[in-house]
Amino acid sequence: DSLSISSCYGNLGTVMLLLAQYDDALRMLNKGLAIMLAQDNPPLNYIATAYSNIAQVHSAKLELELAEQNYLKGFAIEEQLYGPEHPIVGRSLSNLADHYCNQEQPAKARELIDRALSIFQNYPNTHYQDRTNAFTNAGRIYSELELAEQSLAFYEESIRIGKEGLGPRHPDTVVSMFNIAQRYLGLGDYHRALEMYKEVEDVWLETLGEKHPWLAMCRNSIGKANLYLGNYQTGYDLCSKALQTLQESQGTEHPWCEIIAENIAYAKEKLEME
């Protein structure tokens with residue numbers, strides 16, 4: 001039936017999102033959504049999920065205005081369906097908070113993530129994936145607000161929940177590990193950051209593959225940590241490999257390319273001074 005066909009498109013789209021095949025993901029997700037919207041009595045819960053998934057793809061493509069439009073559509077439907085204190089609404093609040101953090105609006109993001117965490121306090125033994133993601137987002141938002149101690153506490157809690165409920169190699173657990181490694185890097189604890197980055201690299205290489213942009217950014221971070229430790233050749237080699245991977249998978253105009261290129265330029269400058 002139409003709902004089954006729509007769900008197939010949606011499932012394909014979410015897999016393509018994980019594989020960083022963003023344009024194909026959008027095509028599949030939008031096809032699935034169009035089928036649902038054409039029904040006489042469309043299932044609102046499925047439509048809300050579709051909007052959220054589409055928003056995630058736009059966010060990954062750094063198309064933030066389109067991401068916000070779709071997040072808000074999904075959130076409005078879910079709040080109407082489930083009420084303001086339901087964990088599904090908490091998940092949408094967490095996604096919106098992460099979005100506003102990406103838009104450099106950490107105060108607005110904090111308001112939303114605090115609401116999400118308040119909701120999830122009532123569900124301590126369920127919804128592991130949503131809770132893991134919410135605490136990860138809280139860690140990043142509080143980091144942007146320069147609240148280091150609270151940020152680390154949120155990241156640690158996200159890893160604890162992820163390992164307990166999802167397993168140590170689950171994608172969301174590993175994302176939490178990467179984010180807390182980023183925080184340790186920012187705090188100057190380079191050796192601890194490197195340990196966590198290398199764990200993440202091993203899992204992402206196995207599960208996502210050599211050409212995934214997340215792996216490229218992980219290797220860039222390993223390279224950056226080495227630069228801070230004075231290992232300039234190692235840092236240069238890792239960042240150069242990361243840039244090549246990202247350019248091959250996402251193109252030379254991807255915003256992350258500029259971030260990696262800055263690290264390469266710094267490494268070159270240091271190597272020339274030796």
# chains A, B, ... in the order shown; residues from 1 in each chain; ligands from 1
>>> residues_around(residues="segment 187-196 of chain A", least_positions_apart="2", cutoff="7 Å", atoms="only C-alpha atoms", output="list in words")
Met177, Phe178, Ala181, Gln182, Arg183, Tyr184, Leu185, Lys198, Glu199, Val200, Ile222 and Ala225 of chain A
>>> write_last_selection(atoms="N, CA, C and O atoms", output="CSV table (one decimal), in the first residue's frame")
chain,number,residue,atom,x,y,z
A,177,MET,N,31.5,10.2,22.0
A,177,MET,CA,32.9,10.1,22.2
A,177,MET,C,33.7,11.1,21.4
A,177,MET,O,34.6,11.7,22.0
A,178,PHE,N,33.3,11.3,20.2
A,178,PHE,CA,34.0,12.3,19.4
A,178,PHE,C,33.8,13.7,19.9
A,178,PHE,O,34.8,14.5,20.0
A,181,ALA,N,35.9,14.2,23.0
A,181,ALA,CA,37.3,14.4,22.6
A,181,ALA,C,37.6,15.8,22.1
A,181,ALA,O,38.6,16.4,22.4
A,182,GLN,N,36.6,16.3,21.3
A,182,GLN,CA,36.7,17.7,20.9
A,182,GLN,C,36.8,18.7,22.1
A,182,GLN,O,37.6,19.7,22.1
A,183,ARG,N,36.1,18.4,23.1
A,183,ARG,CA,36.1,19.2,24.3
A,183,ARG,C,37.4,19.1,25.0
A,183,ARG,O,38.0,20.2,25.5
A,184,TYR,N,38.0,17.9,25.1
A,184,TYR,CA,39.3,17.8,25.8
A,184,TYR,C,40.3,18.5,25.0
A,184,TYR,O,41.3,19.1,25.5
A,185,LEU,N,40.2,18.4,23.7
A,185,LEU,CA,41.2,19.1,22.8
A,185,LEU,C,41.2,20.6,23.1
A,185,LEU,O,42.2,21.3,23.3
A,198,LYS,N,41.1,8.2,18.5
A,198,LYS,CA,41.6,6.9,17.9
A,198,LYS,C,40.5,5.8,18.1
A,198,LYS,O,40.3,5.0,17.1
A,199,GLU,N,39.8,5.8,19.2
A,199,GLU,CA,38.7,4.8,19.3
A,199,GLU,C,37.6,5.1,18.3
A,199,GLU,O,37.1,4.2,17.7
A,200,VAL,N,37.3,6.4,18.2
A,200,VAL,CA,36.3,6.8,17.2
A,200,VAL,C,36.7,6.5,15.8
A,200,VAL,O,35.9,5.9,15.0
A,222,ILE,N,42.6,14.4,14.9
A,222,ILE,CA,43.8,13.7,15.4
A,222,ILE,C,45.1,14.5,14.9
A,222,ILE,O,46.0,14.6,15.7
A,225,ALA,N,45.5,17.6,17.1
A,225,ALA,CA,46.1,17.3,18.4
A,225,ALA,C,47.6,17.0,18.3
A,225,ALA,O,48.3,17.5,19.2
>>> residues_around(residues="Ile47 of chain A", least_positions_apart="2", cutoff="10 Å", atoms="only C-alpha atoms", output="list in words")
Gly32, Leu33, Ala34, Met36, Leu37, Pro42, Pro43, Leu44, Asn45, Thr49, Ala50, Tyr51, Ser52, Asn53, Lys73, Gly74, Ile77 and Glu78 of chain A
>>> write_last_selection(atoms="N, CA, C and O atoms", output="short mmCIF file (atom, residue, chain, number, x, y, z; two decimals), in the first residue's frame")
data_model
loop_
_atom_site.label_atom_id
_atom_site.label_comp_id
_atom_site.auth_asym_id
_atom_site.auth_seq_id
_atom_site.Cartn_x
_atom_site.Cartn_y
_atom_site.Cartn_z
N GLY A 32 8.96 9.98 -0.24
CA GLY A 32 8.14 9.36 0.79
C GLY A 32 7.15 10.32 1.41
O GLY A 32 5.98 9.99 1.64
N LEU A 33 7.60 11.54 1.68
CA LEU A 33 6.71 12.55 2.26
C LEU A 33 5.58 12.91 1.30
O LEU A 33 4.42 13.03 1.70
N ALA A 34 5.90 13.05 0.03
CA ALA A 34 4.88 13.41 -0.96
C ALA A 34 3.79 12.35 -1.04
O ALA A 34 2.60 12.67 -1.16
N MET A 36 2.82 10.36 1.41
CA MET A 36 1.98 10.48 2.61
C MET A 36 1.04 11.67 2.53
O MET A 36 -0.14 11.58 2.89
N LEU A 37 1.56 12.80 2.07
CA LEU A 37 0.73 14.01 2.02
C LEU A 37 -0.41 13.89 1.02
O LEU A 37 -1.41 14.62 1.11
N PRO A 42 -3.68 11.48 6.07
CA PRO A 42 -2.26 11.14 6.21
C PRO A 42 -1.89 10.90 7.67
O PRO A 42 -2.40 11.58 8.58
N PRO A 43 -1.01 9.93 7.94
CA PRO A 43 -0.59 9.65 9.33
C PRO A 43 0.37 10.73 9.82
O PRO A 43 1.51 10.83 9.37
N LEU A 44 -0.13 11.54 10.75
CA LEU A 44 0.64 12.72 11.15
C LEU A 44 1.96 12.36 11.82
O LEU A 44 2.94 13.10 11.68
N ASN A 45 2.00 11.25 12.55
CA ASN A 45 3.26 10.88 13.20
C ASN A 45 4.34 10.56 12.17
O ASN A 45 5.51 10.93 12.35
N THR A 49 7.93 12.70 11.44
CA THR A 49 9.23 12.05 11.35
C THR A 49 9.91 12.37 10.03
O THR A 49 11.13 12.60 9.99
N ALA A 50 9.13 12.39 8.95
CA ALA A 50 9.70 12.71 7.64
C ALA A 50 10.28 14.12 7.63
O ALA A 50 11.39 14.34 7.12
N TYR A 51 9.55 15.08 8.19
CA TYR A 51 10.07 16.45 8.24
C TYR A 51 11.37 16.50 9.05
O TYR A 51 12.32 17.20 8.66
N SER A 52 11.41 15.79 10.14
CA SER A 52 12.62 15.77 10.97
C SER A 52 13.80 15.18 10.22
O SER A 52 14.92 15.71 10.27
N ASN A 53 13.56 14.08 9.51
CA ASN A 53 14.65 13.44 8.75
C ASN A 53 15.14 14.35 7.62
O ASN A 53 16.35 14.44 7.37
N LYS A 73 8.28 22.36 11.37
CA LYS A 73 7.06 21.67 10.90
C LYS A 73 6.86 20.37 11.68
O LYS A 73 5.74 20.08 12.14
N GLY A 74 7.91 19.60 11.80
CA GLY A 74 7.80 18.34 12.53
C GLY A 74 7.47 18.56 14.00
O GLY A 74 6.63 17.85 14.57
N ILE A 77 3.76 19.45 14.65
CA ILE A 77 2.87 18.29 14.55
C ILE A 77 2.99 17.42 15.80
O ILE A 77 1.98 16.97 16.37
N GLU A 78 4.23 17.17 16.24
CA GLU A 78 4.44 16.28 17.38
C GLU A 78 3.88 16.87 18.68
O GLU A 78 3.29 16.15 19.49
#
>>> residues_around(residues="Val174 of chain A", least_positions_apart="6", cutoff="12 Å", atoms="only C-alpha atoms", output="PyMOL selection string")
chain A and resi 129+132-133+136+155+158-163+166-168+180-181+196-205+207-208+214-215+218
>>> closest_residue(among="A:Gln39, A:Pro87, A:Pro106, A:Gln21", to="Val57 of chain A", atoms="only C-alpha atoms")
A:Gln21
>>> select_by_dssp(residues="segment 19-211 of chain A", states="helix (DSSP H, G or I)", output="PyMOL selection string")
chain A and resi 22-37+44-60+64-82+87-102+106-120+128-144+148-165+171-186+190-207
>>> residues_around(residues="segment 94-99 of chain A", least_positions_apart="3", cutoff="6 Å", atoms="only C-alpha atoms", output="list of chain:residue names")
A:Arg91, A:Asn102, A:Ala109, A:Leu112, A:Ile113, A:Ala116, A:Ala134, A:Asn137
>>> write_last_selection(atoms="N, CA, C and O atoms", output="PDB file, in the first residue's frame")
ATOM      1  N   ARG A  91      12.741  14.917  21.965  1.00  0.00           N
ATOM      2  CA  ARG A  91      13.689  14.675  20.869  1.00  0.00           C
ATOM      3  C   ARG A  91      13.690  15.833  19.880  1.00  0.00           C
ATOM      4  O   ARG A  91      14.751  16.283  19.441  1.00  0.00           O
ATOM      5  N   ASN A 102      24.143  25.439  15.901  1.00  0.00           N
ATOM      6  CA  ASN A 102      24.825  25.560  14.601  1.00  0.00           C
ATOM      7  C   ASN A 102      24.683  26.960  14.025  1.00  0.00           C
ATOM      8  O   ASN A 102      25.554  27.428  13.285  1.00  0.00           O
ATOM      9  N   ALA A 109      19.490  28.057  22.064  1.00  0.00           N
ATOM     10  CA  ALA A 109      19.703  26.609  22.092  1.00  0.00           C
ATOM     11  C   ALA A 109      19.625  26.073  23.519  1.00  0.00           C
ATOM     12  O   ALA A 109      19.043  25.010  23.769  1.00  0.00           O
ATOM     13  N   LEU A 112      16.077  25.564  24.815  1.00  0.00           N
ATOM     14  CA  LEU A 112      15.409  24.393  24.252  1.00  0.00           C
ATOM     15  C   LEU A 112      15.989  23.101  24.796  1.00  0.00           C
ATOM     16  O   LEU A 112      15.247  22.158  25.102  1.00  0.00           O
ATOM     17  N   ILE A 113      17.311  23.036  24.931  1.00  0.00           N
ATOM     18  CA  ILE A 113      17.911  21.782  25.410  1.00  0.00           C
ATOM     19  C   ILE A 113      17.576  21.564  26.880  1.00  0.00           C
ATOM     20  O   ILE A 113      17.394  20.412  27.316  1.00  0.00           O
ATOM     21  N   ALA A 116      14.277  19.964  26.884  1.00  0.00           N
ATOM     22  CA  ALA A 116      14.377  18.562  26.472  1.00  0.00           C
ATOM     23  C   ALA A 116      14.890  17.687  27.613  1.00  0.00           C
ATOM     24  O   ALA A 116      14.341  16.616  27.887  1.00  0.00           O
ATOM     25  N   ALA A 134      20.461  13.970  23.283  1.00  0.00           N
ATOM     26  CA  ALA A 134      20.129  15.204  24.003  1.00  0.00           C
ATOM     27  C   ALA A 134      21.292  15.643  24.895  1.00  0.00           C
ATOM     28  O   ALA A 134      21.653  16.828  24.933  1.00  0.00           O
ATOM     29  N   ASN A 137      24.063  16.998  22.706  1.00  0.00           N
ATOM     30  CA  ASN A 137      23.761  18.360  22.275  1.00  0.00           C
ATOM     31  C   ASN A 137      23.940  19.358  23.424  1.00  0.00           C
ATOM     32  O   ASN A 137      24.449  20.467  23.219  1.00  0.00           O
TER      33      ASN A 137
END
>>> closest_residue(among="A:Glu104, A:Glu149, A:Glu111, A:Asp172", to="Leu18 of chain A", atoms="only C-alpha atoms")
A:Asp172
>>> residues_around(residues="Ala25 of chain A", least_positions_apart="4", cutoff="7 Å", atoms="only C-alpha atoms", output="list of chain:residue names")
A:Gly13, A:Thr14, A:Met16, A:Leu17, A:Gln21, A:Leu29
>>> write_last_selection(atoms="N, CA, C and O atoms", output="PDB file, in the first residue's frame")
ATOM      1  N   GLY A  13      16.119   6.750   2.569  1.00  0.00           N
ATOM      2  CA  GLY A  13      16.657   8.088   2.802  1.00  0.00           C
ATOM      3  C   GLY A  13      17.503   8.166   4.055  1.00  0.00           C
ATOM      4  O   GLY A  13      18.568   8.799   4.052  1.00  0.00           O
ATOM      5  N   THR A  14      17.065   7.509   5.134  1.00  0.00           N
ATOM      6  CA  THR A  14      17.836   7.564   6.373  1.00  0.00           C
ATOM      7  C   THR A  14      19.153   6.813   6.244  1.00  0.00           C
ATOM      8  O   THR A  14      20.172   7.229   6.819  1.00  0.00           O
ATOM      9  N   MET A  16      20.850   6.536   3.421  1.00  0.00           N
ATOM     10  CA  MET A  16      21.700   7.404   2.596  1.00  0.00           C
ATOM     11  C   MET A  16      22.237   8.587   3.392  1.00  0.00           C
ATOM     12  O   MET A  16      23.352   9.040   3.162  1.00  0.00           O
ATOM     13  N   LEU A  17      21.442   9.070   4.358  1.00  0.00           N
ATOM     14  CA  LEU A  17      21.924  10.129   5.241  1.00  0.00           C
ATOM     15  C   LEU A  17      23.130   9.645   6.034  1.00  0.00           C
ATOM     16  O   LEU A  17      24.147  10.346   6.130  1.00  0.00           O
ATOM     17  N   GLN A  21      25.282  10.400   1.651  1.00  0.00           N
ATOM     18  CA  GLN A  21      24.810  10.589   0.273  1.00  0.00           C
ATOM     19  C   GLN A  21      23.589  11.515   0.347  1.00  0.00           C
ATOM     20  O   GLN A  21      22.451  11.110   0.176  1.00  0.00           O
ATOM     21  N   LEU A  29      13.609  10.848   0.768  1.00  0.00           N
ATOM     22  CA  LEU A  29      12.761  11.337   1.852  1.00  0.00           C
ATOM     23  C   LEU A  29      11.622  12.203   1.330  1.00  0.00           C
ATOM     24  O   LEU A  29      10.481  12.112   1.814  1.00  0.00           O
TER      25      LEU A  29
END
>>> closest_residue(among="A:Tyr82, A:Tyr123, A:Tyr266, A:Tyr46", to="Gly10 of chain A", atoms="only C-alpha atoms")
A:Tyr46
>>> atom_distance(atom1="atom CA of Ile119 of chain A", atom2="atom CA of Pro84 of chain A")
8.8 Å
>>> atom_distance(atom1="atom CA of Ala261 of chain A", atom2="atom CA of Thr245 of chain A")
12.6 Å
>>> atom_distance(atom1="atom CA of Gln56 of chain A", atom2="atom CA of Leu26 of chain A")
9.8 Å
>>> closest_residue(among="A:Lys61, A:Arg27, A:Arg140, A:His127", to="Cys101 of chain A", atoms="only C-alpha atoms")
A:Arg140
>>> closest_residue(among="A:Glu253, A:Ser176, A:Gln244, A:Asn231", to="Arg219 of chain A", atoms="only C-alpha atoms")
A:Gln244
>>> residues_around(residues="Pro255 of chain A", least_positions_apart="5", cutoff="10 Å", atoms="only C-alpha atoms", output="list of chain:residue names")
A:Lys61, A:Leu62, A:Gln250, A:Ile260
